[in-house]
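Some notes on the structure that comes next.
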Amino acid sequence: MEKNRVSYSLYLVTDSRPEILGDADFLTVVEEALSGGVTCVQLREKTGDTGHLIQMARRLHTLTQRYQVPLLINDRVDVALAVNCEGVHVGQDDMSLAEARKLLGPDKIIGVSTGTIEEAIEAVKGGADYLGIGTVYSTQTKSNTKRIFGPEGVRKILEAIESFPEVHTVAIGGINENNATEVLTKSAGAKKQLDGVAVVSAIMGASDPQGAAARLAKLTPESWPGHQLRTLVTRNVVSVVPDIVKAVHEKMPLSHNMTNLVVQNFAANVALAIGASPIMSNHGDEAQDLAQHKGSLVINMGTVDQNALNNYVKALRAYNQAKQPVVFDPVGAGATSVRREALKTLLGAGHMDVIKGNENEIKTVVGDSNIQQRGVDSSSTLTTKEKATLVRELALSRKTVVVMTGAVDVVSDGMHTLQISNGHPYLAAVTGSGCTLGTTISAAVAACRHPTLLAVVSAMLHFEIAAEIAASRDDVQGPGTFVPAFIDELYKIRQATVKGDLGWLQRAKVGEVLAA
């Protein structure tokens, strides 16, 4: 097995201790995990004599070879040599990388545990094939973790080694199917992203190891369009749209909208048309219960009196605590000093998964205090490349997806920046159309486990292509007749997609745009 062809997408670290494995058979659990989609296995056994470990490794290697998956031995270079497996993994307190390489030679895989930028730089300069970066979250399998630093800590390490693209990386520590996507997306830097996740108890301690592995495999980079985030291209973005539209249809996710009375009816009808379950509630105390329904929150900053602001903050924190997505629309953020202060309060109160606004609103979020809006004025002064730079930098700094709406929309997660040229001028002539785009986005990000960027783009295409089709209908004469036709077309696109009719997607105009 050539080491440059190894996939680290779903990396299993074994643990045979009864408190993790229970009474299950060790080899049976690993085989089920392999059949579920594990792409790399590390044998980690800290107890037992050498003879027993070699015997165990040989049986395991026979198994992994059947699945054409590499076997790495934790720490014990002597055992790796004895069974002639694919390589080893060494920690900071184990045999040095240089010694391991001298004994194993250039063709074997050597991975290194790293928990700091300094350790990572030393390892990549020393010739490590991959890094195990952690600890991401607290874990029951290791009690001697130096520190826990979350996805942000992983990202700092990735950014420090971005000039070593040949070195693979996996994150480890408390990772499971509930947080794997968050780890992969929020840790990603502009030039280097994780190649996969390493898991222990999420598979070894699962009642159904095969099912656990299969579910995790669907969340890892190889399952995403283009196989890696770094190879994301327009064709692959569009190809995942039907799956996301279907996911909204099947799951009917809750879309909790905090918005003004003018928009509520329109937003609720749009949510129903795309298959979501809308609730219009501006009462912050309800959010804690609503957040348990696995839906999403939309905060439209239309009303900014103190009572409204307090309710927004309560809801934002409730959804953050429940780890459910939040879409934020800073309506008219730069129009008055009151709105600018409200914006600062909300940005400091919690995390937004998506920030959506027009050019002036996004400029205000970035912090350009010289911007003065006229209400929800959507005038534009920036070139597309300048817009791309602005949204990319904001996405990177806030670890979010940023959407700048306009004649040409620009959307970025900090790694990839896309422009969408769909839509129709009637949208700008209807009160609340921008707010209802937020509703559509909220349903998509709640319903699917794809990276947030893909869910956002899918929602935007569904929304904007429906607008194009509606505007072209003979019965539509202007904004007044456009709205009901638009709601009809949102519904018809959903129904067509469920039946496999994807003709509407031929209208998609999505392209990558380079920031300045």
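Every chain in the structure tokens takes a letter, A first, then B, and so on in the order presented; its residues are numbered from 1, and the ligands are numbered from 1 following the presented order.
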
Which neighbours of Val483 of chain A fall inside 9 Å, counting only C-alpha atoms, when residues of the same chain fewer than 6 positions from it are skipped, and could you give them as a PDB file with N, CA and C atoms, in the first residue's frame?
ATOM      1  N   PHE A 266     -45.374  36.263   5.160  1.00  0.00           N
ATOM      2  CA  PHE A 266     -44.591  35.921   3.973  1.00  0.00           C
ATOM      3  C   PHE A 266     -43.564  34.840   4.318  1.00  0.00           C
ATOM      4  N   TYR A 426     -37.740  41.630  -9.263  1.00  0.00           N
ATOM      5  CA  TYR A 426     -38.978  41.691  -8.481  1.00  0.00           C
ATOM      6  C   TYR A 426     -38.720  41.419  -7.003  1.00  0.00           C
ATOM      7  N   LEU A 427     -37.704  40.619  -6.700  1.00  0.00           N
ATOM      8  CA  LEU A 427     -37.404  40.324  -5.293  1.00  0.00           C
ATOM      9  C   LEU A 427     -37.108  41.607  -4.522  1.00  0.00           C
ATOM     10  N   VAL A 430     -40.233  43.709  -3.341  1.00  0.00           N
ATOM     11  CA  VAL A 430     -41.185  43.105  -2.414  1.00  0.00           C
ATOM     12  C   VAL A 430     -40.628  43.201  -0.999  1.00  0.00           C
ATOM     13  N   ALA A 467     -37.697  32.394  -8.086  1.00  0.00           N
ATOM     14  CA  ALA A 467     -38.056  33.778  -8.435  1.00  0.00           C
ATOM     15  C   ALA A 467     -37.974  34.003  -9.938  1.00  0.00           C
ATOM     16  N   ALA A 470     -40.940  32.219 -11.593  1.00  0.00           N
ATOM     17  CA  ALA A 470     -42.193  32.922 -11.298  1.00  0.00           C
ATOM     18  C   ALA A 470     -42.313  34.197 -12.129  1.00  0.00           C
ATOM     19  N   VAL A 476     -47.883  36.752 -14.306  1.00  0.00           N
ATOM     20  CA  VAL A 476     -47.175  37.696 -13.436  1.00  0.00           C
ATOM     21  C   VAL A 476     -46.948  38.998 -14.192  1.00  0.00           C
TER      22      VAL A 476
END

Asn257 of chain A: which residues within 9 Å, counting only C-alpha atoms, same-chain residues fewer than 4 positions away excluded, as a PyMOL selection string? chain A and resi 264+267-268+278-282+296-300+439

Output the selection as a compact mmCIF listing (two decimals), in the first residue's frame - N, CA, C and O atoms for each residue.
# COMPACT_ATOMS: atom_id res chain seq x y z
N GLN A 264 -43.82 38.38 8.80
CA GLN A 264 -44.11 37.07 9.37
C GLN A 264 -44.95 36.18 8.45
O GLN A 264 -44.63 35.01 8.26
N ALA A 267 -42.85 35.03 5.41
CA ALA A 267 -41.81 34.07 5.82
C ALA A 267 -42.41 32.70 6.12
O ALA A 267 -41.85 31.65 5.76
N ALA A 268 -43.55 32.69 6.80
CA ALA A 268 -44.20 31.41 7.13
C ALA A 268 -44.61 30.67 5.87
O ALA A 268 -44.44 29.45 5.75
N PRO A 278 -42.57 26.34 10.05
CA PRO A 278 -42.28 27.66 10.59
C PRO A 278 -42.93 27.92 11.94
O PRO A 278 -44.01 27.41 12.23
N ILE A 279 -42.25 28.69 12.74
CA ILE A 279 -42.87 29.26 13.93
C ILE A 279 -42.37 30.69 14.05
O ILE A 279 -41.18 30.96 13.92
N MET A 280 -43.28 31.61 14.25
CA MET A 280 -42.96 33.03 14.36
C MET A 280 -43.08 33.40 15.84
O MET A 280 -44.20 33.52 16.36
N SER A 281 -41.97 33.52 16.51
CA SER A 281 -41.99 33.85 17.93
C SER A 281 -40.87 34.80 18.26
O SER A 281 -39.69 34.48 18.06
N ASN A 282 -41.23 35.95 18.78
CA ASN A 282 -40.23 36.94 19.21
C ASN A 282 -39.99 36.89 20.71
O ASN A 282 -39.32 37.77 21.26
N SER A 296 -33.70 25.52 13.50
CA SER A 296 -32.77 26.64 13.41
C SER A 296 -33.48 27.93 13.78
O SER A 296 -34.71 28.01 13.78
N LEU A 297 -32.68 28.93 14.07
CA LEU A 297 -33.17 30.25 14.47
C LEU A 297 -32.79 31.29 13.42
O LEU A 297 -31.66 31.30 12.95
N VAL A 298 -33.75 32.14 13.08
CA VAL A 298 -33.48 33.28 12.21
C VAL A 298 -33.73 34.55 13.03
O VAL A 298 -34.84 34.75 13.54
N ILE A 299 -32.70 35.38 13.15
CA ILE A 299 -32.86 36.67 13.80
C ILE A 299 -32.78 37.75 12.74
O ILE A 299 -31.73 37.97 12.14
N ASN A 300 -33.92 38.40 12.49
CA ASN A 300 -33.95 39.55 11.59
C ASN A 300 -34.00 40.80 12.45
O ASN A 300 -34.98 41.04 13.14
N THR A 439 -35.02 32.69 5.95
CA THR A 439 -35.86 31.55 6.35
C THR A 439 -35.49 30.31 5.54
O THR A 439 -35.37 29.21 6.09

Can you tell me, as a VMD selection string, what residues are no more than 10 Å from Gly150 of chain A when counting only C-alpha atoms, ignoring any on the same chain fewer than 2 positions away? chain A and resid 134 to 138 147 to 148 152 to 155 171 173 to 174 182 to 183 186 to 187

Please, could you write that set of residues out with N, CA, C and O atoms as a short mmCIF file (atom, residue, chain, number, x, y, z; two decimals), in the first residue's frame?
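Written file, result02.cif:
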data_model
loop_
_atom_site.label_atom_id
_atom_site.label_comp_id
_atom_site.auth_asym_id
_atom_site.auth_seq_id
_atom_site.Cartn_x
_atom_site.Cartn_y
_atom_site.Cartn_z
N GLY A 134 -4.85 17.43 18.62
CA GLY A 134 -5.83 17.37 19.70
C GLY A 134 -5.17 17.70 21.03
O GLY A 134 -3.96 17.93 21.10
N THR A 135 -5.98 17.89 22.04
CA THR A 135 -7.31 17.33 22.18
C THR A 135 -8.37 18.38 21.82
O THR A 135 -8.33 19.51 22.32
N VAL A 136 -9.34 17.97 20.97
CA VAL A 136 -10.36 18.91 20.53
C VAL A 136 -11.41 19.11 21.62
O VAL A 136 -11.70 20.23 22.01
N TYR A 137 -11.97 18.00 22.09
CA TYR A 137 -12.95 18.05 23.18
C TYR A 137 -12.53 17.07 24.26
O TYR A 137 -11.68 16.20 24.04
N SER A 138 -13.13 17.19 25.42
CA SER A 138 -12.81 16.26 26.51
C SER A 138 -13.21 14.85 26.10
O SER A 138 -14.15 14.65 25.33
N ARG A 147 -4.23 19.80 27.15
CA ARG A 147 -5.23 20.85 27.16
C ARG A 147 -6.27 20.59 26.08
O ARG A 147 -6.02 19.85 25.13
N ILE A 148 -7.41 21.18 26.23
CA ILE A 148 -8.51 21.04 25.28
C ILE A 148 -8.68 22.39 24.59
O ILE A 148 -8.81 23.41 25.26
N GLU A 152 -11.17 25.83 17.11
CA GLU A 152 -10.35 27.02 16.90
C GLU A 152 -8.87 26.72 17.11
O GLU A 152 -8.01 27.22 16.39
N GLY A 153 -8.57 25.89 18.12
CA GLY A 153 -7.18 25.51 18.36
C GLY A 153 -6.63 24.70 17.21
O GLY A 153 -5.46 24.85 16.83
N VAL A 154 -7.46 23.83 16.65
CA VAL A 154 -7.04 23.04 15.49
C VAL A 154 -6.73 23.97 14.33
O VAL A 154 -5.72 23.81 13.63
N ARG A 155 -7.59 24.95 14.15
CA ARG A 155 -7.40 25.87 13.04
C ARG A 155 -6.08 26.65 13.15
O ARG A 155 -5.37 26.85 12.16
N ALA A 171 -8.05 15.40 13.28
CA ALA A 171 -8.32 15.92 14.62
C ALA A 171 -8.76 14.78 15.50
O ALA A 171 -9.40 13.83 15.04
N GLY A 173 -10.05 13.64 19.73
CA GLY A 173 -10.44 14.04 21.08
C GLY A 173 -11.91 14.33 21.20
O GLY A 173 -12.36 15.42 20.83
N GLY A 174 -12.69 13.36 21.67
CA GLY A 174 -14.11 13.58 21.92
C GLY A 174 -14.95 13.79 20.69
O GLY A 174 -16.04 14.36 20.76
N GLU A 182 -18.89 20.02 12.65
CA GLU A 182 -18.47 21.28 13.27
C GLU A 182 -16.94 21.36 13.34
O GLU A 182 -16.34 22.39 13.05
N VAL A 183 -16.31 20.26 13.73
CA VAL A 183 -14.85 20.22 13.82
C VAL A 183 -14.22 20.46 12.46
O VAL A 183 -13.31 21.28 12.29
N LYS A 186 -15.29 24.27 11.11
CA LYS A 186 -14.85 25.42 11.90
C LYS A 186 -13.34 25.45 12.12
O LYS A 186 -12.79 26.48 12.49
N SER A 187 -12.68 24.34 11.88
CA SER A 187 -11.22 24.31 12.04
C SER A 187 -10.50 24.71 10.76
O SER A 187 -9.30 24.96 10.78
#

Contact residues around segment 392-396 of chain A with only C-alpha atoms at 10 Å, ignoring same-chain residues under 6 positions, as a compact mmCIF listing (two decimals) with all heavy atoms, in the first residue's frame:
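Output contents, as saved in around-v2.txt:
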# COMPACT_ATOMS: atom_id res chain seq x y z
N LYS A 186 -15.29 24.27 11.11
CA LYS A 186 -14.85 25.42 11.90
C LYS A 186 -13.34 25.45 12.12
O LYS A 186 -12.79 26.48 12.49
CB LYS A 186 -15.58 25.45 13.25
CG LYS A 186 -17.05 25.78 13.11
CD LYS A 186 -17.73 25.97 14.45
CE LYS A 186 -19.18 26.35 14.26
NZ LYS A 186 -19.88 26.54 15.56
N ALA A 188 -11.23 24.74 9.66
CA ALA A 188 -10.59 24.92 8.36
C ALA A 188 -10.00 26.31 8.19
O ALA A 188 -10.65 27.32 8.47
CB ALA A 188 -11.60 24.64 7.25
N GLY A 189 -8.77 26.36 7.71
CA GLY A 189 -8.13 27.62 7.37
C GLY A 189 -8.30 27.90 5.89
O GLY A 189 -8.87 27.09 5.15
N ALA A 190 -7.82 29.02 5.45
CA ALA A 190 -7.98 29.41 4.05
C ALA A 190 -7.19 28.50 3.12
O ALA A 190 -7.60 28.25 1.99
CB ALA A 190 -7.56 30.86 3.86
N ASP A 353 -24.16 31.08 12.69
CA ASP A 353 -23.66 30.15 11.67
C ASP A 353 -23.68 30.77 10.29
O ASP A 353 -22.85 30.44 9.44
CB ASP A 353 -24.49 28.87 11.68
CG ASP A 353 -24.39 28.15 13.01
OD1 ASP A 353 -25.14 28.49 13.94
OD2 ASP A 353 -23.53 27.25 13.12
N VAL A 354 -24.64 31.65 10.06
CA VAL A 354 -24.74 32.37 8.78
C VAL A 354 -25.06 33.83 9.08
O VAL A 354 -25.94 34.12 9.89
CB VAL A 354 -25.86 31.78 7.88
CG1 VAL A 354 -25.92 32.53 6.55
CG2 VAL A 354 -25.65 30.29 7.64
N ILE A 355 -24.34 34.74 8.43
CA ILE A 355 -24.64 36.16 8.50
C ILE A 355 -24.99 36.60 7.08
O ILE A 355 -24.18 36.45 6.16
CB ILE A 355 -23.46 36.98 9.04
CG1 ILE A 355 -23.11 36.55 10.47
CG2 ILE A 355 -23.78 38.47 9.01
CD1 ILE A 355 -21.89 37.23 11.04
N ILE A 362 -23.33 44.29 5.48
CA ILE A 362 -22.11 43.49 5.71
C ILE A 362 -20.93 44.39 6.04
O ILE A 362 -20.11 44.09 6.91
CB ILE A 362 -21.81 42.59 4.50
CG1 ILE A 362 -22.93 41.56 4.31
CG2 ILE A 362 -20.46 41.88 4.68
CD1 ILE A 362 -23.16 40.65 5.48
N LYS A 363 -20.83 45.53 5.36
CA LYS A 363 -19.78 46.49 5.69
C LYS A 363 -19.88 46.92 7.15
O LYS A 363 -18.86 47.04 7.85
CB LYS A 363 -19.87 47.73 4.79
CG LYS A 363 -19.35 47.56 3.38
CD LYS A 363 -19.54 48.87 2.62
CE LYS A 363 -19.03 48.80 1.20
NZ LYS A 363 -19.27 50.07 0.47
N VAL A 365 -21.21 45.22 9.63
CA VAL A 365 -20.80 44.09 10.47
C VAL A 365 -19.28 44.01 10.54
O VAL A 365 -18.70 43.76 11.61
CB VAL A 365 -21.38 42.77 9.92
CG1 VAL A 365 -20.83 41.58 10.72
CG2 VAL A 365 -22.90 42.77 9.99
N VAL A 366 -18.63 44.22 9.42
CA VAL A 366 -17.16 44.20 9.40
C VAL A 366 -16.60 45.30 10.30
O VAL A 366 -15.56 45.15 10.93
CB VAL A 366 -16.63 44.36 7.96
CG1 VAL A 366 -15.12 44.58 7.95
CG2 VAL A 366 -16.98 43.13 7.13
N GLY A 367 -17.33 46.43 10.39
CA GLY A 367 -16.88 47.48 11.30
C GLY A 367 -16.58 48.80 10.64
O GLY A 367 -15.89 49.65 11.20
N GLU A 386 -13.89 42.95 -4.72
CA GLU A 386 -13.84 43.62 -3.42
C GLU A 386 -14.88 43.02 -2.47
O GLU A 386 -14.63 42.85 -1.27
CB GLU A 386 -14.07 45.12 -3.59
CG GLU A 386 -12.89 45.83 -4.23
CD GLU A 386 -13.21 47.26 -4.62
OE1 GLU A 386 -14.41 47.59 -4.83
OE2 GLU A 386 -12.27 48.08 -4.72
N VAL A 402 -20.80 33.79 5.28
CA VAL A 402 -21.30 35.15 5.06
C VAL A 402 -21.92 35.24 3.68
O VAL A 402 -21.32 34.79 2.69
CB VAL A 402 -20.17 36.19 5.21
CG1 VAL A 402 -20.69 37.59 4.92
CG2 VAL A 402 -19.57 36.12 6.62
N VAL A 403 -23.10 35.81 3.61
CA VAL A 403 -23.81 36.02 2.34
C VAL A 403 -23.99 37.52 2.15
O VAL A 403 -24.59 38.19 2.99
CB VAL A 403 -25.19 35.34 2.34
CG1 VAL A 403 -25.92 35.62 1.03
CG2 VAL A 403 -25.07 33.85 2.59
N VAL A 410 -22.66 37.19 -3.27
CA VAL A 410 -21.34 36.63 -2.96
C VAL A 410 -21.45 35.92 -1.61
O VAL A 410 -21.95 36.49 -0.65
CB VAL A 410 -20.25 37.72 -2.91
CG1 VAL A 410 -18.90 37.10 -2.58
CG2 VAL A 410 -20.18 38.48 -4.23
N VAL A 411 -20.98 34.68 -1.56
CA VAL A 411 -21.08 33.88 -0.34
C VAL A 411 -19.74 33.18 -0.08
O VAL A 411 -19.09 32.71 -1.02
CB VAL A 411 -22.23 32.85 -0.44
CG1 VAL A 411 -22.10 31.98 -1.68
CG2 VAL A 411 -22.31 31.99 0.80
N SER A 412 -19.32 33.15 1.18
CA SER A 412 -18.02 32.56 1.51
C SER A 412 -18.05 31.93 2.89
O SER A 412 -18.75 32.40 3.80
CB SER A 412 -16.93 33.64 1.48
OG SER A 412 -15.66 33.08 1.81
N ASP A 413 -17.27 30.85 3.03
CA ASP A 413 -17.05 30.27 4.36
C ASP A 413 -15.62 30.52 4.82
O ASP A 413 -15.16 29.95 5.80
CB ASP A 413 -17.33 28.77 4.35
CG ASP A 413 -16.42 27.99 3.41
OD1 ASP A 413 -15.60 28.62 2.70
OD2 ASP A 413 -16.51 26.75 3.39
N GLY A 414 -14.91 31.40 4.10
CA GLY A 414 -13.53 31.70 4.43
C GLY A 414 -12.54 30.88 3.63
O GLY A 414 -11.40 31.30 3.43
N MET A 415 -12.97 29.71 3.16
CA MET A 415 -12.13 28.88 2.31
C MET A 415 -12.49 29.04 0.84
O MET A 415 -11.62 29.13 -0.01
CB MET A 415 -12.29 27.40 2.70
CG MET A 415 -11.78 27.05 4.07
SD MET A 415 -12.12 25.31 4.44
CE MET A 415 -13.90 25.32 4.49
N HIS A 416 -13.78 29.04 0.57
CA HIS A 416 -14.28 29.14 -0.79
C HIS A 416 -15.24 30.29 -0.88
O HIS A 416 -16.10 30.47 -0.01
CB HIS A 416 -14.97 27.83 -1.20
CG HIS A 416 -14.08 26.64 -1.10
ND1 HIS A 416 -13.12 26.35 -2.03
CD2 HIS A 416 -13.98 25.70 -0.14
CE1 HIS A 416 -12.47 25.26 -1.65
NE2 HIS A 416 -12.97 24.86 -0.51
N THR A 417 -15.09 31.06 -1.92
CA THR A 417 -15.94 32.22 -2.14
C THR A 417 -16.61 32.07 -3.49
O THR A 417 -15.94 31.91 -4.51
CB THR A 417 -15.13 33.52 -2.08
OG1 THR A 417 -14.43 33.57 -0.82
CG2 THR A 417 -16.02 34.73 -2.19
N LEU A 418 -17.93 32.09 -3.49
CA LEU A 418 -18.71 31.85 -4.70
C LEU A 418 -19.59 33.04 -5.01
O LEU A 418 -19.98 33.81 -4.12
CB LEU A 418 -19.59 30.61 -4.52
CG LEU A 418 -18.90 29.31 -4.11
CD1 LEU A 418 -19.93 28.23 -3.84
CD2 LEU A 418 -17.92 28.86 -5.18
N LEU A 514 -12.35 34.93 -7.04
CA LEU A 514 -11.12 35.12 -6.27
C LEU A 514 -11.17 36.46 -5.54
O LEU A 514 -11.53 37.48 -6.13
CB LEU A 514 -9.90 35.07 -7.19
CG LEU A 514 -9.66 33.75 -7.92
CD1 LEU A 514 -8.46 33.88 -8.85
CD2 LEU A 514 -9.44 32.62 -6.92
N ALA A 515 -10.81 36.42 -4.27
CA ALA A 515 -10.75 37.65 -3.50
C ALA A 515 -9.54 38.47 -3.94
O ALA A 515 -8.58 37.95 -4.49
CB ALA A 515 -10.67 37.33 -2.01

Given only C-alpha atoms as the basis, pick out the residue of A:Arg59, A:His256, A:Arg5, A:Arg101 nearest to Val88 of chain A.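 Among the listed residues, the smallest separation from Val88 of chain A belongs to A:Arg101.
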
Nearest to Glu122 of chain A, chosen from A:Ile274, A:Ala217, A:Leu60, A:Ile161, with only C-alpha atoms counted in the distances: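 Result for the nearest residue to Glu122 of chain A: A:Ile161.
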
List the spatial neighbours of Asn84 of chain A as a ChimeraX atom specification - criterion: any atom at most 12 Å away, only C-alpha atoms, same-chain residues fewer than 2 positions off excluded. /A:1,54,57-58,60-62,65,70-73,77-82,86-88,104-105,107-109

Residues near Arg17 of chain A, cut-off 10 Å, only C-alpha atoms, skip fewer than 3 positions along chain, as a ChimeraX atom specification: /A:14,20-23,26,45-47,141,204-205
